[in-house]
>>> print(open('entry_29.csv').read())   # CSV, C-alpha atoms
chain,number,residue,atom,x,y,z
A,113,MET,CA,103.0,66.4,89.0
A,114,GLY,CA,103.1,63.1,90.9
A,115,PHE,CA,106.9,63.7,91.3
A,116,THR,CA,106.4,67.0,93.0
A,117,GLY,CA,103.9,65.3,95.3
A,118,VAL,CA,106.6,62.8,96.2
A,119,ILE,CA,109.0,65.6,97.0
A,120,LEU,CA,106.5,67.3,99.3
A,121,LEU,CA,105.7,64.0,101.0
A,122,THR,CA,109.4,63.3,101.6
A,123,VAL,CA,110.0,66.8,102.9
A,124,GLY,CA,107.0,66.5,105.3
A,125,ILE,CA,108.3,63.2,106.7
A,126,TRP,CA,111.8,64.6,106.9
A,127,GLY,CA,110.5,67.7,108.8
A,128,LYS,CA,108.5,65.5,111.1
A,129,VAL,CA,111.5,63.4,112.0
A,130,SER,CA,114.2,66.1,112.2
A,131,LEU,CA,112.2,69.0,113.7
A,132,GLU,CA,109.8,67.1,116.0
A,133,VAL,CA,111.8,67.8,119.2
A,134,TYR,CA,111.6,71.5,118.4
A,135,PHE,CA,108.0,71.5,117.4
A,136,SER,CA,107.1,69.8,120.7
A,137,LEU,CA,108.1,73.0,122.5
A,138,LEU,CA,105.9,75.2,120.2
A,139,ASN,CA,102.2,75.5,120.2
A,140,GLU,CA,100.0,72.7,118.8
A,141,LYS,CA,99.5,74.5,115.4
A,142,ALA,CA,103.2,74.5,114.7
A,143,THR,CA,103.4,70.8,115.2
A,144,ASN,CA,100.9,70.3,112.3
A,145,ILE,CA,103.3,71.8,109.7
A,146,PRO,CA,104.9,68.5,108.7
A,147,PHE,CA,101.4,66.8,108.5
A,148,VAL,CA,100.2,69.6,106.2
A,149,LEU,CA,103.1,68.9,103.9
A,150,ILE,CA,102.5,65.2,104.0
A,151,ALA,CA,98.8,65.6,103.3
A,152,THR,CA,99.5,68.1,100.5
A,153,GLY,CA,102.1,65.7,98.9
A,154,THR,CA,99.7,62.8,99.1
A,155,VAL,CA,96.9,64.8,97.5
A,156,ILE,CA,99.2,66.0,94.7
A,157,ILE,CA,100.3,62.4,94.0
A,158,LEU,CA,96.6,61.4,93.7
A,159,LEU,CA,95.9,64.4,91.5
A,160,GLY,CA,98.9,63.5,89.3
A,161,THR,CA,97.4,60.1,88.8
A,162,PHE,CA,94.1,61.7,88.0
A,163,GLY,CA,95.8,64.1,85.5
A,164,CYS,CA,97.5,61.2,83.7
A,165,PHE,CA,94.1,59.4,83.5
A,166,ALA,CA,92.5,62.5,82.1
A,167,THR,CA,95.2,62.9,79.5
A,168,CYS,CA,95.0,59.3,78.4
A,169,ARG,CA,91.2,59.7,78.1
A,170,ALA,CA,91.6,63.0,76.3
A,171,SER,CA,88.8,64.3,78.5
A,172,ALA,CA,88.6,68.1,78.4
A,173,TRP,CA,86.3,68.4,81.5
A,174,MET,CA,88.6,66.2,83.6
A,175,LEU,CA,91.6,68.2,82.6
A,176,LYS,CA,89.8,71.4,83.6
A,177,LEU,CA,88.9,69.8,87.0
A,178,TYR,CA,92.5,68.8,87.4
A,179,ALA,CA,93.7,72.4,86.7
A,180,MET,CA,91.1,73.7,89.2
A,181,PHE,CA,92.3,71.4,92.0
A,182,LEU,CA,95.9,72.3,91.3
A,183,THR,CA,95.0,76.0,91.5
A,184,LEU,CA,93.3,75.5,94.9
A,185,ILE,CA,96.3,73.7,96.2
A,186,PHE,CA,98.6,76.4,94.9
A,187,LEU,CA,96.5,79.1,96.6
A,188,VAL,CA,96.6,77.1,99.9
A,189,GLU,CA,100.4,76.9,99.7
A,190,LEU,CA,100.6,80.6,98.9
A,191,VAL,CA,98.5,81.5,101.9
A,192,ALA,CA,100.5,79.2,104.2
A,193,ALA,CA,103.8,80.7,103.0
A,194,VAL,CA,102.5,84.3,103.7
A,195,VAL,CA,101.2,83.3,107.1
A,196,GLY,CA,104.5,81.6,108.0
A,197,PHE,CA,106.4,84.7,106.9
A,198,VAL,CA,104.2,87.1,108.8
A,199,PHE,CA,104.1,85.1,112.0
A,200,ARG,CA,107.8,83.9,112.0
A,201,HIS,CA,108.6,86.2,115.0
A,202,GLU,CA,105.6,84.9,116.9
A,203,ILE,CA,107.0,81.4,116.4
A,204,LYS,CA,110.3,82.5,118.0
A,205,ASP,CA,108.4,84.1,120.9
A,206,SER,CA,106.2,81.0,121.3
A,207,PHE,CA,109.3,78.8,121.5
A,208,LYS,CA,111.0,81.0,124.0
A,209,MET,CA,108.0,81.2,126.2
A,210,ASN,CA,107.3,77.4,126.1
A,211,TYR,CA,111.0,76.7,126.7
A,212,GLU,CA,111.0,78.9,129.8
A,213,ALA,CA,107.8,77.2,131.0
A,214,SER,CA,109.4,73.8,130.4
A,215,LEU,CA,112.4,74.7,132.6
A,216,LYS,CA,110.1,75.7,135.4
A,217,GLN,CA,108.1,72.5,135.1
A,218,TYR,CA,111.1,70.3,134.4
A,219,ASN,CA,111.6,66.9,136.0
A,220,ASP,CA,113.6,63.9,135.0
A,221,THR,CA,110.8,61.3,135.2
A,222,GLY,CA,110.1,61.2,131.5
A,223,VAL,CA,107.6,64.0,130.9
A,224,GLN,CA,107.5,64.8,127.1
A,225,ARG,CA,108.6,68.4,127.3
A,226,SER,CA,111.3,67.6,129.8
A,227,GLU,CA,112.6,64.9,127.4
A,228,ALA,CA,112.6,67.5,124.6
A,229,VAL,CA,114.6,69.9,126.8
A,230,ASP,CA,117.2,67.2,127.5
A,231,THR,CA,117.4,66.2,123.9
A,232,ILE,CA,118.0,69.7,122.7
A,233,GLN,CA,120.6,70.4,125.4
A,234,LYS,CA,122.5,67.2,124.7
A,235,THR,CA,122.3,67.5,121.0
A,236,LEU,CA,123.2,71.2,120.7
A,237,HIS,CA,125.5,71.3,123.8
A,238,CYS,CA,123.6,74.2,125.3
A,239,CYS,CA,121.9,74.9,128.6
A,240,GLY,CA,118.9,77.0,129.6
A,241,VAL,CA,117.1,79.5,127.5
A,242,LEU,CA,119.5,82.4,127.1
A,243,SER,CA,122.3,81.0,129.4
A,244,ALA,CA,122.9,78.2,131.9
A,245,THR,CA,122.0,80.6,134.8
A,246,ASP,CA,118.3,80.3,133.7
A,247,TRP,CA,118.2,77.0,135.6
A,248,GLU,CA,119.2,78.6,138.9
A,249,SER,CA,115.7,80.1,139.3
A,250,THR,CA,113.9,76.7,138.8
A,251,ALA,CA,112.6,74.3,141.5
A,252,TYR,CA,114.6,71.5,139.9
A,253,TYR,CA,117.9,73.3,140.4
A,254,VAL,CA,117.1,74.0,144.1
A,255,GLU,CA,116.5,70.3,144.7
A,256,LYS,CA,119.1,68.6,142.3
A,257,GLY,CA,121.1,71.2,140.5
A,258,PHE,CA,121.6,71.4,136.8
A,259,PRO,CA,120.1,68.6,134.7
A,260,ARG,CA,122.6,66.0,133.4
A,261,SER,CA,121.9,67.2,129.8
A,262,CYS,CA,123.7,70.5,130.7
A,263,CYS,CA,127.0,68.9,131.7
A,264,ARG,CA,129.8,69.8,129.3
A,265,TYR,CA,131.7,66.6,130.1
A,266,HIS,CA,130.7,63.0,129.5
A,267,SER,CA,129.1,62.9,132.9
A,268,CYS,CA,128.8,65.0,136.0
A,269,SER,CA,128.7,63.9,139.6
A,270,TRP,CA,126.0,65.1,142.0
A,271,ALA,CA,128.5,67.7,143.3
A,272,ASP,CA,129.3,68.8,139.7
A,273,ARG,CA,125.6,69.4,139.1
A,274,LYS,CA,125.7,72.5,141.4
A,275,ASP,CA,128.8,73.8,139.7
A,276,LEU,CA,128.1,76.3,137.0
A,277,LYS,CA,131.6,76.0,135.5
A,278,LYS,CA,131.0,72.3,134.7
A,279,GLN,CA,127.9,73.1,132.5
A,280,ASN,CA,127.6,74.3,128.9
A,281,GLN,CA,127.3,78.1,129.2
A,282,GLU,CA,125.5,79.1,126.0
A,283,GLY,CA,121.7,79.1,126.0
A,284,CYS,CA,119.6,77.0,123.6
A,285,PHE,CA,117.3,79.7,122.3
A,286,LEU,CA,119.6,81.2,119.7
A,287,ARG,CA,120.9,77.8,118.5
A,288,VAL,CA,117.4,76.3,118.2
A,289,THR,CA,116.0,79.3,116.3
A,290,THR,CA,118.9,79.3,113.9
A,291,ILE,CA,118.4,75.6,113.2
A,292,ILE,CA,114.6,76.0,112.7
A,293,GLN,CA,115.1,79.0,110.4
A,294,SER,CA,117.7,77.1,108.4
A,295,GLU,CA,115.7,73.9,108.0
A,296,MET,CA,112.4,75.7,107.5
A,297,GLY,CA,114.2,77.8,104.8
A,298,VAL,CA,115.0,74.5,103.0
A,299,VAL,CA,111.3,73.5,103.3
A,300,ALA,CA,110.2,76.9,102.0
A,301,GLY,CA,112.5,76.7,99.1
A,302,ILE,CA,111.4,73.3,98.1
A,303,SER,CA,107.8,74.2,98.5
A,304,PHE,CA,108.3,77.3,96.3
A,305,GLY,CA,109.8,75.1,93.6
A,306,VAL,CA,106.9,72.7,93.8
A,307,ALA,CA,104.5,75.6,93.5
A,308,CYS,CA,106.3,76.7,90.3
A,309,PHE,CA,105.9,73.2,88.9
A,310,GLN,CA,102.2,73.4,89.8
A,311,LEU,CA,101.8,76.6,87.8
A,312,ILE,CA,103.3,74.9,84.8
A,313,GLY,CA,101.0,71.9,85.3
A,314,ILE,CA,98.0,74.3,85.5
A,315,PHE,CA,99.0,76.0,82.3
A,316,LEU,CA,99.6,72.8,80.4
A,317,ALA,CA,96.3,71.2,81.6
A,318,CYS,CA,94.4,74.3,80.5
A,319,CYS,CA,96.2,74.3,77.1
A,320,LEU,CA,95.5,70.6,76.5
A,321,SER,CA,91.9,71.0,77.6
A,322,ARG,CA,91.4,73.8,75.1
A,323,SER,CA,93.1,71.9,72.3
A,324,ILE,CA,90.9,68.8,72.9
A,325,THR,CA,87.8,71.0,73.0
A,326,ASN,CA,88.8,72.7,69.7
A,327,ASN,CA,89.5,69.3,68.0
A,328,GLN,CA,86.1,68.1,69.1
A,329,TYR,CA,84.4,71.1,67.6
A,330,GLU,CA,86.4,70.6,64.3
A,331,ILE,CA,85.3,67.0,64.2
A,332,VAL,CA,81.6,68.0,64.6
>>> encode(input="entry_29.csv", output="structure tokens")
Amino acid sequence: MGFTGVILLTVGIWGKVSLEVYFSLLNEKATNIPFVLIATGTVIILLGTFGCFATCRASAWMLKLYAMFLTLIFLVELVAAVVGFVFRHEIKDSFKMNYEASLKQYNDTGVQRSEAVDTIQKTLHCCGVLSATDWESTAYYVEKGFPRSCCRYHSCSWADRKDLKKQNQEGCFLRVTTIIQSEMGVVAGISFGVACFQLIGIFLACCLSRSITNNQYEIV
């Protein structure tokens, strides 16, 4: 079971690194998803060590305790999966709303959400929420034009920053949600596989505990 913990821990760290810029434009609860995976993976690794110790000691009560903890973690993962599935549309709406708010509050002085917007627009070669014209209703556009991250070329002059034709036209919302769904799908698939291994671990722990208990009775 320690191996499955390592997998979850790795996936959590990967999610934190690869999806952090997108999570920064969601609500605070969404940003905790990678930390939940990291914490769960760490707990499973510790439980795996405990399970090995219980097996070596041939302790029935320790194996029962190990199975109980695995069951609790499995139930937590199951609830988290259901909640994620039910509220997946709300995650999209939350991202869209926060992205629109970030455009209105955008400035190029290093504010975290402004940096996230720039990173997304540069990386995905997109501009605005649904299209580049979303910027035209912002205070930043009135003062300076489109941000540099919207430019479809290597760089845009000050004059170019007012020229819509020089900007990436496609909005970022669809591209971001596609990436999030794809990568979260990978996370969900791996988590499901880990959960199946946990069920096997629970079953084996219960069987071994029962076998040890029966042997103790036979000896008595």
>>> atom_distance(input="entry_29.csv", atom1="CA of Asp246 (chain A)", atom2="CA of Phe135 (chain A)")
21.2 Å
>>> closest_atom_pairs(input="entry_29.csv", of="region 203-224 of chain A", to="region 239-243 of chain A", cutoff="9 Å", atoms="all atoms listed in the file", output="CSV")
residue,atom,partner,partner_atom,distance
A:Lys208,CA,A:Val241,CA,7.2
A:Tyr211,CA,A:Val241,CA,6.8
A:Glu212,CA,A:Val241,CA,6.5
A:Leu215,CA,A:Gly240,CA,7.5
>>> write_last_selection(input="entry_29.csv", atoms="C-alpha atoms", output="PDB file, in the frame of the given file")
ATOM      1  CA  LYS A 208     111.000  81.000 124.000  1.00  0.00           C
ATOM      2  CA  TYR A 211     111.000  76.700 126.700  1.00  0.00           C
ATOM      3  CA  GLU A 212     111.000  78.900 129.800  1.00  0.00           C
ATOM      4  CA  LEU A 215     112.400  74.700 132.600  1.00  0.00           C
TER       5      LEU A 215
END
>>> atom_distance(input="entry_29.csv", atom1="CA of Val229 (chain A)", atom2="CA of Phe147 (chain A)")
22.8 Å
>>> closest_residue(input="entry_29.csv", among="A:Ile156, A:Leu175, A:Ile291, A:Ala244", to="Arg322 (chain A)", atoms="only C-alpha atoms")
A:Leu175
>>> atom_distance(input="entry_29.csv", atom1="CA of Thr250 (chain A)", atom2="CA of Gln233 (chain A)")
16.3 Å
>>> axis_aligned_box(input="entry_29.csv", around="region 269-278 of chain A", padding_each_side="6 Å", output="AutoDock Vina command-line options")
--center_x 128.6 --center_y 70.1 --center_z 139.0 --size_x 18.0 --size_y 24.4 --size_z 20.6
>>> closest_residue(input="entry_29.csv", among="A:Val188, A:Cys318, A:Ala300, A:Ala151", to="Met174 (chain A)", atoms="only C-alpha atoms")
A:Cys318
>>> closest_residue(input="entry_29.csv", among="A:Leu276, A:Ser171, A:Thr245, A:Glu255", to="Asn327 (chain A)", atoms="all atoms listed in the file")
A:Ser171
>>> closest_residue(input="entry_29.csv", among="A:Lys274, A:Ile302, A:Ser323, A:Ser294", to="Glu248 (chain A)", atoms="all atoms listed in the file")
A:Lys274
>>> closest_residue(input="entry_29.csv", among="A:Ile314, A:Ala307, A:Ile324, A:Leu190", to="Tyr178 (chain A)", atoms="all atoms listed in the file")
A:Ile314
>>> closest_residue(input="entry_29.csv", among="A:Leu137, A:Leu316, A:Leu236, A:Ala213", to="Ala251 (chain A)", atoms="only C-alpha atoms")
A:Ala213
>>> closest_atom_pairs(input="entry_29.csv", of="region 279-311 of chain A", to="region 259-265 of chain A", cutoff="12 Å", atoms="only C-alpha atoms", output="Markdown table")
| residue | atom | partner | partner_atom | distance |
| --- | --- | --- | --- | --- |
| A:Gln279 | CA | A:Cys263 | CA | 4.4 |
| A:Asn280 | CA | A:Arg264 | CA | 5.0 |
| A:Gln281 | CA | A:Cys262 | CA | 8.5 |
| A:Glu282 | CA | A:Cys262 | CA | 10.0 |
| A:Gly283 | CA | A:Cys262 | CA | 10.0 |
| A:Cys284 | CA | A:Cys262 | CA | 10.5 |
